[in-house]
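Next comes model-v5.txt, with compact mmCIF, C-alpha atoms.
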```txt
# COMPACT_ATOMS: atom_id res chain seq x y z
CA MET B 4 140.44 54.53 -10.32
CA ASP B 5 140.70 52.65 -13.59
CA ILE B 6 137.32 51.02 -14.31
CA ALA B 7 136.47 48.55 -17.06
CA VAL B 8 132.77 48.13 -17.86
CA LEU B 9 132.18 44.74 -19.50
CA VAL B 10 129.30 44.79 -21.99
CA CYS B 11 127.75 41.36 -22.46
CA GLU B 12 125.54 40.39 -25.38
CA GLY B 13 121.96 41.19 -24.38
CA ALA B 14 122.98 43.61 -21.63
CA PHE B 15 120.24 45.43 -19.74
CA ASP B 16 120.25 48.85 -21.42
CA SER B 17 119.20 50.92 -18.41
CA GLY B 18 121.72 49.11 -16.20
CA LEU B 19 124.60 49.83 -18.57
CA ALA B 20 123.48 53.42 -19.08
CA SER B 21 123.07 54.00 -15.33
CA VAL B 22 126.62 52.91 -14.62
CA LEU B 23 128.11 55.03 -17.41
CA ASP B 24 125.99 58.07 -16.58
CA VAL B 25 126.79 58.01 -12.86
CA LEU B 26 130.53 57.67 -13.46
CA ASP B 27 130.51 60.37 -16.16
CA THR B 28 128.59 62.71 -13.86
CA ALA B 29 130.99 61.89 -11.03
CA ASN B 30 133.91 63.01 -13.19
CA ALA B 31 132.05 66.22 -14.07
CA MET B 32 131.25 66.90 -10.41
CA ALA B 33 134.84 66.18 -9.40
CA GLU B 34 135.92 69.25 -11.34
CA GLN B 35 133.93 71.36 -8.89
CA LEU B 36 135.92 70.05 -5.92
CA SER B 37 139.62 70.58 -5.40
CA GLN B 38 141.79 67.43 -5.27
CA ALA B 39 138.80 65.24 -6.11
CA PRO B 40 139.48 61.72 -7.41
CA ARG B 41 138.69 60.81 -11.01
CA TRP B 42 137.29 57.65 -12.56
CA GLN B 43 138.83 56.47 -15.84
CA VAL B 44 136.13 54.40 -17.54
CA THR B 45 136.66 52.04 -20.48
CA THR B 46 133.85 50.06 -22.09
CA VAL B 47 135.13 46.60 -23.05
CA GLY B 48 133.69 43.57 -24.78
CA PHE B 49 134.70 40.31 -26.42
CA THR B 50 133.77 41.74 -29.81
CA GLU B 51 134.22 45.26 -31.17
CA ARG B 52 130.46 45.78 -31.25
CA VAL B 53 128.07 44.30 -28.72
CA ARG B 54 124.29 44.41 -29.08
CA THR B 55 122.21 45.18 -26.00
CA ALA B 56 118.84 43.65 -25.15
CA ALA B 57 117.05 46.60 -26.76
CA GLY B 58 119.10 46.27 -29.93
CA HIS B 59 121.53 49.13 -29.41
CA VAL B 60 125.07 48.54 -30.65
CA ILE B 61 127.86 49.46 -28.23
CA GLU B 62 131.39 50.11 -29.46
CA CYS B 63 133.81 48.28 -27.18
CA GLN B 64 137.52 48.16 -26.54
CA SER B 65 139.38 44.86 -26.16
CA THR B 66 138.94 43.01 -22.87
CA ASP B 67 142.75 43.00 -22.68
CA LEU B 68 142.37 46.49 -21.21
CA ALA B 69 140.42 45.01 -18.31
CA GLU B 70 143.56 43.22 -17.17
CA ARG B 71 144.91 46.54 -15.87
CA ALA B 72 141.67 47.82 -14.33
CA ASP B 73 141.22 48.37 -10.61
CA LEU B 74 137.55 47.48 -10.93
CA LEU B 75 135.53 45.40 -13.38
CA ILE B 76 131.84 46.30 -13.58
CA VAL B 77 129.53 43.76 -15.23
CA PRO B 78 126.08 45.21 -16.03
CA ALA B 79 123.40 42.53 -15.98
CA ILE B 80 122.14 40.54 -18.92
CA ASN B 81 118.45 41.30 -19.48
CA GLN B 82 116.85 37.94 -18.76
CA ARG B 83 113.86 37.62 -16.44
CA ALA B 84 113.17 33.86 -16.56
CA PRO B 85 115.29 32.15 -13.86
CA GLU B 86 115.70 28.87 -15.77
CA VAL B 87 116.81 30.62 -18.96
CA LEU B 88 119.12 32.91 -17.00
CA VAL B 89 120.86 30.00 -15.25
CA GLU B 90 121.26 28.17 -18.55
CA LEU B 91 122.78 31.30 -20.11
CA VAL B 92 125.26 32.20 -17.36
CA SER B 93 126.43 28.59 -16.99
CA GLY B 94 126.70 27.82 -20.70
CA GLU B 95 129.27 28.20 -23.44
CA ALA B 96 127.89 31.58 -24.52
CA THR B 97 129.23 33.30 -21.38
CA LYS B 98 132.33 31.19 -20.74
CA SER B 99 134.68 34.05 -21.66
CA GLU B 100 132.83 36.47 -19.37
CA ARG B 101 133.03 34.02 -16.45
CA GLU B 102 136.73 33.51 -17.01
CA LEU B 103 137.39 37.25 -17.08
CA VAL B 104 135.48 37.73 -13.84
CA PHE B 105 137.39 34.89 -12.17
CA GLU B 106 140.77 36.13 -13.39
CA THR B 107 139.98 39.67 -12.26
CA ARG B 108 139.34 38.54 -8.71
CA ALA B 109 142.31 36.15 -8.80
CA ARG B 110 144.68 39.07 -9.39
CA GLY B 111 143.07 41.05 -6.56
CA ALA B 112 141.03 43.58 -8.51
CA ALA B 113 137.47 44.39 -7.48
CA VAL B 114 134.31 43.28 -9.30
CA ALA B 115 130.81 44.76 -9.22
CA THR B 116 127.43 43.92 -10.68
CA ALA B 117 123.70 44.28 -10.08
CA CYS B 118 120.42 42.54 -10.81
CA ALA B 119 120.81 39.26 -12.75
CA GLY B 120 124.53 39.96 -13.13
CA THR B 121 125.00 38.38 -9.70
CA PHE B 122 124.22 34.99 -11.28
CA LEU B 123 127.18 35.38 -13.64
CA LEU B 124 129.51 36.25 -10.74
CA ALA B 125 128.19 33.36 -8.66
CA GLU B 126 128.63 30.98 -11.59
CA ALA B 127 132.23 32.19 -11.93
CA GLY B 128 132.77 31.20 -8.29
CA VAL B 129 133.77 34.61 -6.97
CA LEU B 130 130.85 34.90 -4.53
CA ASP B 131 131.42 31.64 -2.62
CA GLY B 132 131.60 32.35 1.10
CA LEU B 133 130.71 36.02 0.65
CA ARG B 134 127.66 38.13 1.42
CA ALA B 135 125.80 39.25 -1.68
CA THR B 136 122.43 40.39 -2.92
CA THR B 137 120.47 40.08 -6.15
CA THR B 138 117.11 40.99 -7.65
CA TRP B 139 114.57 40.21 -4.91
CA TRP B 140 112.31 38.11 -7.15
CA LEU B 141 115.24 35.95 -8.30
CA THR B 142 116.31 35.07 -4.76
CA PRO B 143 114.65 31.61 -4.59
CA SER B 144 116.49 30.46 -7.73
CA PHE B 145 119.74 32.10 -6.61
CA ARG B 146 119.60 30.57 -3.13
CA ALA B 147 118.87 27.11 -4.52
CA ARG B 148 121.72 27.14 -7.06
CA TYR B 149 124.37 28.94 -5.01
CA PRO B 150 124.03 27.74 -1.41
CA ARG B 151 127.61 28.78 -0.59
CA VAL B 152 126.71 32.46 -1.09
CA HIS B 153 125.33 34.28 1.97
CA LEU B 154 122.39 35.98 0.31
CA ASP B 155 120.81 39.13 1.73
CA GLN B 156 117.63 39.66 -0.27
CA SER B 157 116.64 42.83 1.57
CA ALA B 158 119.79 44.90 0.94
CA MET B 159 120.11 47.22 -2.03
CA VAL B 160 123.92 47.12 -2.11
CA VAL B 161 126.25 44.60 -0.45
CA ARG B 162 130.05 44.84 -0.42
CA ASP B 163 132.19 41.95 0.74
CA GLY B 164 135.63 40.63 -0.10
CA GLY B 165 136.28 42.96 -3.02
CA VAL B 166 132.90 42.26 -4.65
CA THR B 167 129.97 44.67 -4.83
CA THR B 168 126.49 43.40 -5.68
CA ALA B 169 123.22 45.30 -5.91
CA GLY B 170 119.51 44.63 -6.28
CA ALA B 171 117.10 44.78 -9.20
CA ALA B 172 117.67 46.50 -12.55
CA PHE B 173 117.83 50.06 -11.25
CA GLY B 174 120.10 48.80 -8.49
CA HIS B 175 122.84 49.51 -11.06
CA LEU B 176 122.36 53.13 -10.08
CA ASP B 177 122.84 52.39 -6.39
CA MET B 178 125.85 50.21 -7.16
CA ALA B 179 127.55 52.93 -9.21
CA LEU B 180 126.87 55.53 -6.52
CA ALA B 181 128.31 53.20 -3.86
CA ILE B 182 131.49 52.88 -5.94
CA VAL B 183 131.79 56.66 -6.21
CA ARG B 184 130.97 57.15 -2.53
CA GLU B 185 133.71 54.75 -1.42
CA THR B 186 136.32 57.02 -2.99
CA SER B 187 134.64 60.40 -2.53
CA PRO B 188 131.48 60.89 -0.45
CA ALA B 189 131.46 64.56 -1.44
CA VAL B 190 131.33 63.77 -5.16
CA ALA B 191 128.69 61.09 -4.59
CA ASP B 192 126.49 63.64 -2.78
CA LEU B 193 126.80 66.03 -5.72
CA VAL B 194 125.91 63.25 -8.17
CA THR B 195 122.75 62.36 -6.24
CA ARG B 196 121.69 66.02 -6.26
CA TYR B 197 122.34 66.59 -9.95
CA LEU B 198 120.70 63.33 -11.02
CA VAL B 199 117.95 63.63 -8.36
CA VAL B 200 118.62 60.15 -6.97
CA ASP B 201 117.21 59.14 -3.58
CA GLU B 202 119.12 56.88 -1.22
CA ARG B 203 117.60 53.36 -1.17
CA PRO B 204 119.42 51.29 1.44
CA SER B 205 117.04 48.34 1.19
CA GLN B 206 115.00 46.37 -1.32
CA ALA B 207 112.57 45.34 1.42
CA PRO B 208 109.85 47.95 0.64
CA TYR B 209 109.73 46.72 -2.97
CA ILE B 210 109.49 42.98 -2.31
CA ILE B 211 106.16 41.36 -3.21
CA PRO B 212 105.92 38.30 -0.91
CA SER B 213 103.26 36.57 -3.01
CA ALA B 214 105.51 36.70 -6.09
CA LEU B 215 108.27 34.89 -4.23
CA ALA B 216 105.87 32.36 -2.71
CA GLN B 217 104.62 31.18 -6.10
CA SER B 218 107.93 29.46 -6.83
CA ASP B 219 107.03 26.64 -4.40
CA PRO B 220 103.59 24.94 -4.07
CA LEU B 221 103.85 24.47 -0.30
CA VAL B 222 104.85 28.07 0.36
CA ALA B 223 102.17 29.29 -2.07
CA GLY B 224 99.59 27.26 -0.10
CA PHE B 225 100.88 28.74 3.15
CA GLU B 226 100.56 32.23 1.72
CA ARG B 227 96.93 31.60 0.71
CA TRP B 228 96.17 30.23 4.18
CA ILE B 229 97.67 33.34 5.80
CA ARG B 230 95.61 35.68 3.62
CA ASP B 231 92.43 33.74 4.41
CA HIS B 232 93.09 34.12 8.16
CA ILE B 233 95.03 37.40 8.25
CA ALA B 234 92.67 39.09 10.74
CA GLU B 235 92.96 36.20 13.19
CA PRO B 236 95.68 35.16 15.64
CA LEU B 237 97.76 32.89 13.42
CA SER B 238 99.21 29.56 14.49
CA ILE B 239 102.07 28.07 12.50
CA PRO B 240 101.32 24.52 13.76
CA ALA B 241 97.69 24.97 12.65
CA ALA B 242 98.85 26.12 9.22
CA ALA B 243 101.14 23.10 8.91
CA ARG B 244 98.29 20.73 9.83
CA HIS B 245 96.02 22.38 7.26
CA LEU B 246 98.69 21.93 4.59
CA GLY B 247 99.33 18.31 5.57
CA VAL B 248 103.00 18.72 6.54
CA SER B 249 104.99 18.93 9.72
CA GLU B 250 105.80 22.30 11.23
CA ARG B 251 109.50 21.64 10.58
CA THR B 252 108.85 20.90 6.90
CA LEU B 253 106.91 24.14 6.57
CA GLN B 254 109.66 26.12 8.30
CA ARG B 255 112.30 24.67 6.00
CA ALA B 256 110.27 25.40 2.87
CA VAL B 257 109.61 29.00 3.86
CA MET B 258 113.26 29.56 4.74
CA ARG B 259 114.42 28.00 1.47
CA VAL B 260 112.09 30.07 -0.72
CA MET B 261 111.61 33.28 1.24
CA GLY B 262 114.87 33.42 3.17
CA THR B 263 112.96 34.05 6.37
CA SER B 264 110.92 32.31 9.09
CA PRO B 265 107.18 31.55 8.80
CA ILE B 266 106.44 34.11 11.54
CA ARG B 267 108.32 36.84 9.72
CA PHE B 268 106.56 35.87 6.48
CA VAL B 269 103.23 36.35 8.26
CA GLN B 270 104.41 39.78 9.40
CA ASP B 271 105.48 40.66 5.85
CA LEU B 272 102.02 39.86 4.50
CA ARG B 273 100.36 41.84 7.29
CA VAL B 274 102.59 44.83 6.50
CA GLU B 275 101.77 44.51 2.80
CA GLN B 276 98.00 44.45 3.48
CA ALA B 277 98.18 47.28 6.02
CA THR B 278 100.16 49.43 3.58
CA HIS B 279 97.58 48.76 0.87
CA LEU B 280 94.75 49.81 3.20
CA LEU B 281 96.59 52.95 4.28
CA ARG B 282 97.09 53.97 0.66
CA THR B 283 93.63 53.12 -0.64
CA THR B 284 91.21 53.80 2.23
CA ASP B 285 90.56 56.35 4.97
CA LEU B 286 90.19 53.67 7.65
CA SER B 287 91.72 54.52 11.01
CA MET B 288 94.87 52.80 12.19
CA GLU B 289 92.85 51.03 14.87
CA VAL B 290 90.54 49.49 12.27
CA ILE B 291 93.38 48.60 9.90
CA SER B 292 95.30 46.98 12.75
CA ARG B 293 92.40 44.69 13.57
CA LYS B 294 91.91 43.82 9.90
CA VAL B 295 95.50 42.53 9.72
CA GLY B 296 95.50 40.69 13.04
CA TYR B 297 96.81 43.19 15.59
CA GLU B 298 94.77 44.31 18.61
CA GLN B 299 97.00 47.31 19.30
CA ALA B 300 97.52 49.94 16.58
CA ASN B 301 100.91 50.85 18.03
CA THR B 302 102.19 47.31 17.38
CA LEU B 303 101.43 47.79 13.69
CA ARG B 304 102.95 51.29 13.66
CA VAL B 305 106.24 49.96 15.00
CA LEU B 306 106.26 47.07 12.52
CA LEU B 307 105.52 49.39 9.56
CA ARG B 308 108.33 51.72 10.58
CA GLU B 309 110.72 48.78 10.96
CA ARG B 310 109.88 47.16 7.61
CA THR B 311 109.27 50.20 5.38
CA GLY B 312 111.31 52.90 7.06
CA LYS B 313 108.26 55.18 6.88
CA SER B 314 105.64 56.47 9.28
CA THR B 315 101.97 55.63 8.83
CA GLY B 316 101.35 59.24 7.85
CA SER B 317 103.82 59.11 4.97
CA LEU B 318 102.40 55.77 3.80
CA ARG B 319 98.85 57.08 3.64
CA THR B 320 98.01 58.72 0.34
CA VAL B 321 94.25 59.05 0.86
CA GLN B 322 93.48 62.20 2.80
CA GLN B 323 91.24 61.92 5.84
CA PRO B 324 87.91 63.73 5.32
```
Output the file's structure in the form of structure tokens.
Amino acid sequence: MDIAVLVCEGAFDSGLASVLDVLDTANAMAEQLSQAPRWQVTTVGFTERVRTAAGHVIECQSTDLAERADLLIVPAINQRAPEVLVELVSGEATKSERELVFETRARGAAVATACAGTFLLAEAGVLDGLRATTTWWLTPSFRARYPRVHLDQSAMVVRDGGVTTAGAAFGHLDMALAIVRETSPAVADLVTRYLVVDERPSQAPYIIPSALAQSDPLVAGFERWIRDHIAEPLSIPAAARHLGVSERTLQRAVMRVMGTSPIRFVQDLRVEQATHLLRTTDLSMEVISRKVGYEQANTLRVLLRERTGKSTGSLRTVQQP
């Protein structure tokens, strides 16, 4: 596979390095397996030298070489503020990058990115109608600006229609491994062992619901109300009345910001609080369950397993006396 890695001005250093390191290690591991595929990687840019966010200077080949690549990888630009990020990826400064991404997909080649790089791909129009993911804490801004993209905020890697997207900054690692695994699962397994990389199929365990909620005053108020009543049987209509809105308005706001229903948001906050108590106290599961609004401990156990992929025993870090 011929891969072009496009280095943008202000690229996220760890994202760029993760991609290059995984692919270089994959080539090294391929030598240990007979008839293993190889990945020909070329670092390209719109200038001969591109400066990363941390100030490192990357020597780049001409983007003309990307026109022959089977896959264009675009490591994310290191920008955490949603408003600044949108202004950057939609402005004149990244016009050439957007055009290259669009032209790459137009000729049928694949494109991949992670973290905030998904905004650049969405702005180029190559994600319309497709499933994609992005950094979990950028999902409210992404969903609002790109409603034609079917966003999955829980997934770590999503592949659809020739485009691969991955989650937050270190999702570059997962993205690169997914690219290797598509061609050679055996090589990908060797890479994960040599680099000591764990499989992370979902971003869900890393999402901080309160951080997402703060992007909207109504949802932030709903979150505070839930936390104030978390040990009680919760009523969505009662919450809506307390906040001075209709139940439908509350449902729409939560779906717009959180990408989920109010009931599921309540469950997310209960899981978050229960996980915190498991890790920081020696309270029994029965007590913790009641503290987060569940009469039966088994109900909470099932929910924790579903949302975190872990048992209560593995979540608890404080040893019982």
(message) Report as an NGL selection string all protein, DNA and RNA residues lying within 12 Å of Ile266 (chain B), evaluated on all atoms listed in the file, omitting residues in the same chain fewer than 6 positions from it.
(response) :B and (225-226 or 229 or 236-240 or 242 or 250 or 253-254 or 257-258 or 272-273)
With region 135-141 of chain B as the partner and 7 Å as the cut-off, tabulate the residues of region 155-253 of chain B that qualify, each row holding the nearest pair of atoms and their distance in Å to one decimal, using only C-alpha atoms, sorted by chain and rising number, as JSON lines.
```
{"residue": "B:Asp155", "atom": "CA", "partner": "B:Thr136", "partner_atom": "CA", "distance": 5.1}
{"residue": "B:Gln156", "atom": "CA", "partner": "B:Thr136", "partner_atom": "CA", "distance": 5.5}
{"residue": "B:Ala158", "atom": "CA", "partner": "B:Thr136", "partner_atom": "CA", "distance": 6.5}
{"residue": "B:Val160", "atom": "CA", "partner": "B:Thr136", "partner_atom": "CA", "distance": 6.9}
{"residue": "B:Val161", "atom": "CA", "partner": "B:Ala135", "partner_atom": "CA", "distance": 5.5}
{"residue": "B:Thr168", "atom": "CA", "partner": "B:Thr136", "partner_atom": "CA", "distance": 5.8}
{"residue": "B:Ala169", "atom": "CA", "partner": "B:Thr136", "partner_atom": "CA", "distance": 5.8}
{"residue": "B:Gly170", "atom": "CA", "partner": "B:Thr138", "partner_atom": "CA", "distance": 4.6}
{"residue": "B:Ala171", "atom": "CA", "partner": "B:Thr138", "partner_atom": "CA", "distance": 4.1}
{"residue": "B:Ile210", "atom": "CA", "partner": "B:Trp139", "partner_atom": "CA", "distance": 6.3}
{"residue": "B:Leu215", "atom": "CA", "partner": "B:Trp140", "partner_atom": "CA", "distance": 5.9}
```
(request) Considering all atoms listed in the file, return as a PyMOL selection string whatever protein or nucleic-acid residues lie within 6 Å of Thr116 (chain B), sequence-local ones (same chain, fewer than 4 positions apart) excluded. (result) chain B and resi 76-78+120+168
(request) Calculate how many Å separate CA of Met261 (chain B) from CA of Ala234 (chain B), rounding to one decimal. (result)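 Taking CA of Met261 (chain B) and CA of Ala234 (chain B), their separation equals 22.0 Å.
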(message) Could you list, as a VMD selection string, every residue within 10 Å of Gly128 (chain B), counting all atoms listed in the file and ignoring same-chain residues fewer than 4 positions away?
(response) chain B and resid 101 to 102 104 to 105 108 122 to 124 132 149 151 to 152
(message) What does the structure give for the distance between CA of Glu90 (chain B) and CA of Thr121 (chain B), in Å to one decimal?
(response)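 Interatomic distance, CA of Glu90 (chain B) to CA of Thr121 (chain B): 14.0 Å.
Non-sequential neighbours of Val53 (chain B) (distance at most 12 Å, separation of 4 or more positions within a chain, all atoms listed in the file) are Leu9, Val10, Cys11, Glu12, Gly13, Ala14, Phe15, Asp16, Thr46, Val47, Gly48, Phe49, Ala57, Gly58, His59, Val60, Ile61, Glu62, Cys63, Gln64 and Ser65 of chain B.
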(request) Grab the CA of Arg255 (chain B) to CA of Asp231 (chain B) distance for me, in Å with one decimal place. (result)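 Distance between the two atoms: 21.9 Å.
Between Val8 (chain B) and the residues B:Leu318, B:Ser249, B:Ile233, B:Glu100, the shortest atom-to-atom distance, using all atoms listed in the file, involves B:Glu100.
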(message) Which residues are near Leu23 (chain B)? Cut-off 12 Å, all atoms listed in the file, ignore same chain within fewer than 4 positions. Put them as a list in words.
(response)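 Within the cut-off, the hits are Ile6, Ala7, Val8, Leu9, Val10, Asp16, Ser17, Gly18, Leu19, Asp27, Thr28, Ala29, Asn30, Trp42, Gln43, Val44, Thr45, Thr46, Ile76, Val77, Pro78, His175, Leu176, Met178, Ala179, Leu180 and Val183 of chain B.
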(request) Have a look at B:Leu281, B:Val92, B:Leu286, B:Ala119 and name the one nearest to Ser314 (chain B); count all atoms listed in the file. (result)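 Closest to Ser314 (chain B), using all atoms listed in the file: B:Leu281.
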(request) Quick one: residues within 10 Å of (102.8, 25.3, 0.1) (file frame), counting all atoms listed in the file, please, as a PyMOL selection string. (result) chain B and resi 216-228+242-243+246-248+253+256-257
(request) Rank B:Met4, B:Leu36, B:Ala113, B:Val305 by their smallest atom-to-atom distance to Ala189 (chain B), using all atoms listed in the file, and report the top residue only. (result)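 For Ala189 (chain B), the nearest of the candidates is B:Leu36.
Comparing B:Arg230, B:Arg134, B:Arg184, B:Lys294 by their smallest distance to Ala39 (chain B), the closest is B:Arg184 (using all atoms listed in the file).
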(request) Give the answer as one residue: which of B:His279, B:Val89, B:Lys313, B:Arg259 has the shortest atom-to-atom distance to Leu154 (chain B), using all atoms listed in the file? (result)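 When distances to Leu154 (chain B) are compared using all atoms listed in the file, the smallest one comes from B:Arg259.
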(request) Name the closest residue to Arg196 (chain B) among the candidates B:Gly164, B:Ala96, B:Val25, B:Leu68; distances are taken between atoms, counting all atoms listed in the file. (result)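 Result for the nearest residue to Arg196 (chain B): B:Val25.
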